[in-house]
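Okay, so here's the structure we're looking at.
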Amino acid sequence: MSDRIHASYWLETSDSPARAAEVIAGEQSSGTFLALANETPELKERSGARVEKLEIIDVADRPSLPGRYEAGARFTRCHLELSWPVDNMGHSLPNVLATVAGNLFELQCVSGLRITGLELPESFARHCPGPAFGIQGTRRLAGVPSGPLIGTIIKPSVGMNPAQTAAEARKLIQGGIDFIKDDELQADGPHCPFDERVVAVMREVKDAEQRLGRKVMVAFNLTGELDEMKHRHDLVLSQGGTCVMVSLNAVGLSGLRELRRHSALPIHAHRGGWGSLSRCPALGWDYAPWHKIWRLAGADHLHVNGLGNKFSESDEEVGRSARAVLKPLWPDVPMAAMPVFSSGQTGLVAASTYAATQGSADLIFAAGGGIFGHPGGVASGVAALRSAWDAAIAGIALTQQAQQCPELQQALGFW
């Protein structure tokens, strides 16, 4: 590919598709709503966006999105691909975002627009850090050389004090968990101050490390202002922690980039608010192009929802998201990140999750009720989940595996 940025869209328009494509291209590069003397052919050739592809799909009688349309208008749906020279914005991820997802969605000629693909030149690999730890670094710090990291989220999400939070962490650590994370709602409230929570939880982690010979990874949510996040990161590091967490849509690209520059720990990236960007099929983003920007910015772990989840995404969408996270960004520059499955997960979906990743266990599998709800307690819940994943990787039916694992046998009754 040339040194150009390519973005693909699903476009619906009441205008001529070719004219709408040119309007979008002009709006997002050198043009505006009327011809300007300074937009010379030479300038447009150098800096203008190009319409690389325009394929008509079908025509509808009604618009997908509200707007100002002429009576009797028909709405043509298309596949559109645009490209821009990197020189328009340099290797700046925030400005890539402003270019490919800026003032397009509200254009009068647009009755539907969704970003379905994003391809960046390999030159971005020299300018954007990408994950510092990724899959292998996460496995090393968590002490899990193979198989999924079995994880969970501290619940209730908010309301417990630091001592109560640490007590829940103790149960999970004693039960054999690999990974624990704060809920994205738990930050630095007066009932559970960040500093006190980290000290209390890490005391349990370090005590258990002496007994177990490995350190459970805990992702502490440090989402906040830049200075706050740096302070919180430094506290986690000083206490021997091995992971920090941030809510991507809350801190923005510049926030993640600055944290990545500062961080000596893996960054667990939560995608809270994703539904507002994706749930309407005629507006927003597909996950595959959206996650690339955050991955380049430095996310080591990226949430992808889970199969059979409590949210609106289909299993097919979740599988596509996970495979996108595992796919190299460029053939020789993988920038590997680890997908995180969560939301109502149990061992019943272990085999289908393994199939959805096309046989990769390089993932974090976070279950809440699937662990805590086990009638035998937390340790039995972790054992059952791990056994279900052993069966999935070996290609053994759960019922057959359960004959050798009483915890799994019990779990099948409540999962």
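Every chain in the structure tokens has a letter given in the order shown (A, B, ...), and although residue numbers restart at 1 in each chain, ligands are simply numbered from 1 in the order shown.
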Checklist line | Long-range neighbours of Asn249 (chain A) as an NGL selection string, 7 Å cut-off, only C-alpha atoms, 4 positions minimum in chain | finding: :A and (271-273)
Kindly export the residues of the current selection with C-alpha atoms, as a PDB file, in the first residue's frame.
```
ATOM      1  CA  ARG A 271     -14.180   0.106  26.157  1.00  0.00           C
ATOM      2  CA  GLY A 272     -17.049   1.513  28.279  1.00  0.00           C
ATOM      3  CA  GLY A 273     -19.372   3.517  26.035  1.00  0.00           C
TER       4      GLY A 273
END
```
Margin query: So that I can check the surroundings of region 326-340 of chain A, please list as a ChimeraX atom specification every protein, DNA and RNA residue that reaches within 10 Å of it, counting only C-alpha atoms and ignoring chain neighbours fewer than 4 positions away.
Written below: /A:119-122,125,129-139,148-149,151,268-270,288,292,295-296,298-306,321-322,357,360-366
Could you write out that same residue set with C-alpha atoms as a PDB file, in the first residue's frame?
```pdb
ATOM      1  CA  GLU A 119      -5.726   0.584   6.894  1.00  0.00           C
ATOM      2  CA  LEU A 120      -2.690   2.580   7.961  1.00  0.00           C
ATOM      3  CA  PRO A 121       0.744   2.549   6.320  1.00  0.00           C
ATOM      4  CA  GLU A 122       3.427   0.560   8.126  1.00  0.00           C
ATOM      5  CA  ALA A 125       4.763   1.514  13.472  1.00  0.00           C
ATOM      6  CA  PRO A 129       4.301   2.737  20.407  1.00  0.00           C
ATOM      7  CA  GLY A 130       1.701  -0.029  20.331  1.00  0.00           C
ATOM      8  CA  PRO A 131       1.415  -2.452  23.262  1.00  0.00           C
ATOM      9  CA  ALA A 132       4.491  -2.505  25.486  1.00  0.00           C
ATOM     10  CA  PHE A 133       3.702  -5.958  26.893  1.00  0.00           C
ATOM     11  CA  GLY A 134       0.987  -7.556  24.786  1.00  0.00           C
ATOM     12  CA  ILE A 135       0.383 -11.286  25.010  1.00  0.00           C
ATOM     13  CA  GLN A 136       3.834 -12.536  25.939  1.00  0.00           C
ATOM     14  CA  GLY A 137       4.542  -9.804  28.463  1.00  0.00           C
ATOM     15  CA  THR A 138       1.196 -10.377  30.114  1.00  0.00           C
ATOM     16  CA  ARG A 139       1.799 -14.117  30.327  1.00  0.00           C
ATOM     17  CA  PRO A 148      -6.347 -18.544  28.842  1.00  0.00           C
ATOM     18  CA  LEU A 149      -5.898 -16.306  31.863  1.00  0.00           C
ATOM     19  CA  GLY A 151     -10.063 -13.842  35.473  1.00  0.00           C
ATOM     20  CA  HIS A 268      -5.800  -3.093  30.459  1.00  0.00           C
ATOM     21  CA  ALA A 269      -8.112  -1.107  28.170  1.00  0.00           C
ATOM     22  CA  HIS A 270     -11.836  -0.989  28.933  1.00  0.00           C
ATOM     23  CA  ALA A 288     -12.034  -3.933  13.815  1.00  0.00           C
ATOM     24  CA  LYS A 292      -6.624  -0.441  15.728  1.00  0.00           C
ATOM     25  CA  ARG A 295      -3.937  -0.699  19.964  1.00  0.00           C
ATOM     26  CA  LEU A 296      -1.446   1.566  18.232  1.00  0.00           C
ATOM     27  CA  GLY A 298      -0.597   1.367  23.548  1.00  0.00           C
ATOM     28  CA  ALA A 299      -3.432  -0.861  24.814  1.00  0.00           C
ATOM     29  CA  ASP A 300      -2.125  -4.290  25.898  1.00  0.00           C
ATOM     30  CA  HIS A 301      -5.549  -5.831  26.626  1.00  0.00           C
ATOM     31  CA  LEU A 302      -8.757  -4.924  24.764  1.00  0.00           C
ATOM     32  CA  HIS A 303     -12.290  -5.887  25.751  1.00  0.00           C
ATOM     33  CA  VAL A 304     -14.368  -7.643  23.094  1.00  0.00           C
ATOM     34  CA  ASN A 305     -17.491  -8.618  25.100  1.00  0.00           C
ATOM     35  CA  GLY A 306     -18.223 -12.358  25.336  1.00  0.00           C
ATOM     36  CA  SER A 321     -13.708  -8.469  17.372  1.00  0.00           C
ATOM     37  CA  ALA A 322     -11.516 -11.044  19.093  1.00  0.00           C
ATOM     38  CA  THR A 357     -10.614 -17.252  18.124  1.00  0.00           C
ATOM     39  CA  SER A 360      -6.132 -19.316  20.105  1.00  0.00           C
ATOM     40  CA  ALA A 361      -6.066 -19.345  23.906  1.00  0.00           C
ATOM     41  CA  ASP A 362      -4.156 -16.054  24.044  1.00  0.00           C
ATOM     42  CA  LEU A 363      -6.970 -14.336  25.898  1.00  0.00           C
ATOM     43  CA  ILE A 364      -8.341 -13.274  29.265  1.00  0.00           C
ATOM     44  CA  PHE A 365     -11.587 -15.045  30.149  1.00  0.00           C
ATOM     45  CA  ALA A 366     -13.303 -13.083  32.908  1.00  0.00           C
TER      46      ALA A 366
END
```
Notebook entry, point to check: DSSP says strand (DSSP E or B) for which residues of region 72-199 of chain A? Put them as an MDAnalysis selection string?
Noted result: chainID A and resid 75:85 110:119 149:153 179:181
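Reported to one decimal place, the separation of CA of Leu277 (chain A) from CA of Tyr69 (chain A) is 23.9 Å.
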Margin query: According to DSSP computed on the backbone, where in region 104-336 of chain A is there helix (DSSP H, G or I)? Give the residues as a ChimeraX atom specification.
Written below: /A:122-126,134-142,162-174,194-212,226-238,248-262,274-278,287-297,315-326
Margin query: With distances taken over only C-alpha atoms, which residue among A:Ser123, A:Thr152, A:Gln410, A:Gln239 lies nearest Gly368 (chain A)?
Written below: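 Between A:Ser123, A:Thr152, A:Gln410, A:Gln239, the residue approaching Gly368 (chain A) most closely is A:Thr152.
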Check: Using only C-alpha atoms, which of A:Pro156, A:Gly381, A:Gly72, A:Gly117 sits nearest His291 (chain A)?
Finding: A:Gly117
Next item on the list: For each of A:Lys230, A:Arg203, A:Arg77, A:Arg170, take the minimum atom-to-atom distance to Ala379 (chain A), counting only C-alpha atoms, then give the residue where this is smallest.
Entry: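 So, comparing all the options, the nearest one is A:Arg170.
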Next item on the list: Go through A:Gly189, A:Glu27, A:Ala200, A:Phe179 one by one, measure the shortest atom-to-atom distance of each to Thr242 (chain A) using only C-alpha atoms, and give the residue with the smallest value.
Entry: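 Ranked by minimum distance to Thr242 (chain A), first place goes to A:Phe179.
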Item checked: Pick from A:Gly240, A:Thr346, A:Cys128, A:Leu80 nearest to Arg261 (chain A), counting only C-alpha atoms -> A:Cys128
Note to self: Given only C-alpha atoms as the basis, pick out the residue of A:Ile153, A:Ser92, A:Ser276, A:Met160 nearest to Asn221 (chain A).
What the structure shows: A:Ile153
Note to self: Using only C-alpha atoms, which protein or nucleic acid residues come within 8 Å of His91 (chain A)? Drop anything in the same chain fewer than 3 positions from it, and give the result as a list in words.
What the structure shows: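 Returned residues: Val86, Val96, Phe124, His127 and Cys128 of chain A.
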Notebook entry, point to check: Which value, in Å to one decimal, gives the distance between CA of Ser278 (chain A) and CA of Gly308 (chain A)?
Noted result: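 Rounded to one decimal, the two atoms are 18.2 Å apart.
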Checklist line | Neighbour list for Cys192 (chain A) as a list in words, cut-off 9 Å, only C-alpha atoms, skip fewer than 4 positions in-chain | finding: Val158, Gly159, Met160, Asn161, Pro162, Ala163, Thr165, Gln186, Ala187, Asp188, Glu196 and Arg197 of chain A
Save out the residues we just selected, N, CA and C atoms, as a JSON list (two decimals), in the first residue's frame.
```
[["chain", "number", "residue", "atom", "x", "y", "z"],
["A", 158, "VAL", "N", -19.11, -1.08, 43.02],
["A", 158, "VAL", "CA", -18.77, 0.00, 43.95],
["A", 158, "VAL", "C", -19.51, -0.24, 45.25],
["A", 159, "GLY", "N", -19.05, 0.42, 46.30],
["A", 159, "GLY", "CA", -19.73, 0.32, 47.58],
["A", 159, "GLY", "C", -18.91, -0.30, 48.69],
["A", 160, "MET", "N", -17.95, -1.15, 48.33],
["A", 160, "MET", "CA", -17.09, -1.76, 49.35],
["A", 160, "MET", "C", -15.93, -0.84, 49.69],
["A", 161, "ASN", "N", -15.44, -0.94, 50.91],
["A", 161, "ASN", "CA", -14.26, -0.17, 51.30],
["A", 161, "ASN", "C", -12.99, -0.94, 50.95],
["A", 162, "PRO", "N", -11.81, -0.36, 51.13],
["A", 162, "PRO", "CA", -10.58, -1.07, 50.76],
["A", 162, "PRO", "C", -10.41, -2.41, 51.45],
["A", 163, "ALA", "N", -10.75, -2.50, 52.73],
["A", 163, "ALA", "CA", -10.59, -3.77, 53.45],
["A", 163, "ALA", "C", -11.50, -4.85, 52.88],
["A", 165, "THR", "N", -12.73, -4.92, 49.83],
["A", 165, "THR", "CA", -12.22, -5.25, 48.50],
["A", 165, "THR", "C", -11.06, -6.22, 48.59],
["A", 186, "GLN", "N", -15.27, 1.67, 39.48],
["A", 186, "GLN", "CA", -14.49, 1.83, 40.70],
["A", 186, "GLN", "C", -13.22, 2.61, 40.39],
["A", 187, "ALA", "N", -13.12, 3.79, 40.94],
["A", 187, "ALA", "CA", -11.95, 4.63, 40.64],
["A", 187, "ALA", "C", -11.30, 5.14, 41.92],
["A", 188, "ASP", "N", -11.74, 6.29, 42.41],
["A", 188, "ASP", "CA", -11.08, 6.91, 43.56],
["A", 188, "ASP", "C", -12.10, 7.65, 44.42],
["A", 196, "GLU", "N", -5.54, 3.64, 49.08],
["A", 196, "GLU", "CA", -5.80, 2.67, 50.15],
["A", 196, "GLU", "C", -6.18, 1.32, 49.58],
["A", 197, "ARG", "N", -6.96, 1.33, 48.51],
["A", 197, "ARG", "CA", -7.38, 0.06, 47.89],
["A", 197, "ARG", "C", -6.18, -0.69, 47.34]]
```
Next item on the list: In Å, rounded to a single decimal, give me how far CA of Leu212 (chain A) is from CA of Ser387 (chain A).
Entry: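 Answer for the CA of Ser387 (chain A) to CA of Leu212 (chain A) separation: 19.6 Å.
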Checklist line | Shell around region 243-245 of chain A at 8 Å using only C-alpha atoms, local window under 4 positions removed, as a VMD selection string | finding: chain A and resid 181 to 182 217 to 223 233 236 265 to 270
For the selection just defined, write its residues with C-alpha atoms to a file, as a PDB file, in the first residue's frame.
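Done, and the output landed in again.pdb:
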```pdb
ATOM      1  CA  LYS A 181      -9.714  -6.343  37.636  1.00  0.00           C
ATOM      2  CA  ASP A 182     -11.501  -3.392  39.117  1.00  0.00           C
ATOM      3  CA  MET A 217      -2.248  -9.981  38.107  1.00  0.00           C
ATOM      4  CA  VAL A 218      -4.592  -7.224  39.295  1.00  0.00           C
ATOM      5  CA  ALA A 219      -5.689  -4.440  36.935  1.00  0.00           C
ATOM      6  CA  PHE A 220      -6.307  -1.353  39.077  1.00  0.00           C
ATOM      7  CA  ASN A 221      -8.537   1.255  37.442  1.00  0.00           C
ATOM      8  CA  LEU A 222      -6.542   4.485  37.415  1.00  0.00           C
ATOM      9  CA  THR A 223      -8.821   6.413  35.019  1.00  0.00           C
ATOM     10  CA  HIS A 233       0.437   4.100  38.121  1.00  0.00           C
ATOM     11  CA  VAL A 236       0.753   0.409  41.769  1.00  0.00           C
ATOM     12  CA  LEU A 265       3.071  -1.935  33.398  1.00  0.00           C
ATOM     13  CA  PRO A 266       0.595  -3.529  30.974  1.00  0.00           C
ATOM     14  CA  ILE A 267      -2.438  -1.362  30.201  1.00  0.00           C
ATOM     15  CA  HIS A 268      -5.800  -3.093  30.459  1.00  0.00           C
ATOM     16  CA  ALA A 269      -8.112  -1.107  28.170  1.00  0.00           C
ATOM     17  CA  HIS A 270     -11.836  -0.989  28.933  1.00  0.00           C
TER      18      HIS A 270
END
```
